[in-house]
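Colleague: The following block contains the structure, expressed as structure tokens.
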Amino acid sequence: WGECSFTVRQEQRGRERSIQWVCVSGADGPERARTLKQLNHPLIQERIRTLELREIQAVHTADSGSWQISCESLIGSATWILIPPTVHLIKPSEAECLRFVEFFELVADAVANNQ
């Protein structure tokens, strides 16, 4: 692969949000087309919507032999109040944690096994 980077572009259109993986750098040719086709699979897009993921990237560094997949989510939160000293945590549910694992497995499969 060499140096290669994929990211998600999201646009809000009324009530619906359009989700599209794009190649930011590197990866030219048939491998790129196959990878984008797999990354844009409905199962991956559904996980992005339900987990409210943002800043999603899949990056390969030359000669590393591995991919780095990262994202941010709006699920879960932590609030800290100074007076009175209080910490309030809202943790993701078990089902949401499972969807996160599924998301990473699906994206890893798409970039690593794109044949």
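Labeling convention for the structure tokens: chains A, B, ... as they appear, residues from 1 per chain, ligands from 1 in order of appearance.
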What residues in region 1-47 of chain A get the DSSP label strand (DSSP E or B)? Please answer as a PyMOL selection string.

Modeller: chain A and resi 4-13+16-26

Colleague: Leaving out region 40-50 of chain A and any residue of its chain fewer than 5 positions from it, which residues lie within 7 Å of it when counting only C-alpha atoms, given as a PyMOL selection string?

Modeller: chain A and resi 19-21+99+103+106

Colleague: Could you take the residues named above and write them with N, CA and C atoms, as a JSON list (two decimals), in the first residue's frame?

Modeller:
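Dumped to out_27.json:
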[["chain", "number", "residue", "atom", "x", "y", "z"],
["A", 19, "ILE", "N", -23.24, 9.80, 3.91],
["A", 19, "ILE", "CA", -21.95, 9.32, 4.38],
["A", 19, "ILE", "C", -21.22, 8.71, 3.19],
["A", 20, "GLN", "N", -19.98, 9.16, 2.95],
["A", 20, "GLN", "CA", -19.21, 8.68, 1.80],
["A", 20, "GLN", "C", -17.74, 8.59, 2.17],
["A", 21, "TRP", "N", -17.15, 7.40, 2.07],
["A", 21, "TRP", "CA", -15.72, 7.25, 2.24],
["A", 21, "TRP", "C", -15.02, 7.76, 1.00],
["A", 99, "ARG", "N", -21.42, -2.47, 18.86],
["A", 99, "ARG", "CA", -21.42, -1.81, 17.54],
["A", 99, "ARG", "C", -20.07, -1.17, 17.23],
["A", 103, "PHE", "N", -17.88, -2.06, 14.08],
["A", 103, "PHE", "CA", -17.41, -1.01, 13.16],
["A", 103, "PHE", "C", -15.92, -1.19, 12.85],
["A", 106, "LEU", "N", -15.31, -4.33, 10.72],
["A", 106, "LEU", "CA", -15.74, -4.15, 9.34],
["A", 106, "LEU", "C", -14.77, -3.27, 8.55]]

Colleague: Between A:Leu53, A:Cys97, A:Ala78, A:Val111, which is the closest to Cys4 (chain A) once you count only C-alpha atoms?

Modeller: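 Ranked by minimum distance to Cys4 (chain A), first place goes to A:Val111.
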
Colleague: Going by DSSP on the backbone, which residues of chain A come out as alpha helix (DSSP H)? List them as a ChimeraX atom specification.

Modeller: /A:30-39,42-50,94-112

Colleague: I'd like to know which of A:Phe6, A:Trp80, A:Trp67, A:Phe104 is closest to Thr35 (chain A), using only C-alpha atoms.

Modeller: A:Phe6

Colleague: Using only C-alpha atoms, find the one residue out of A:Leu98, A:Val87, A:Leu36, A:Cys71 that sits nearest to Glu55 (chain A).

Modeller: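 Comparing A:Leu98, A:Val87, A:Leu36, A:Cys71 against Glu55 (chain A), the winner is A:Cys71.
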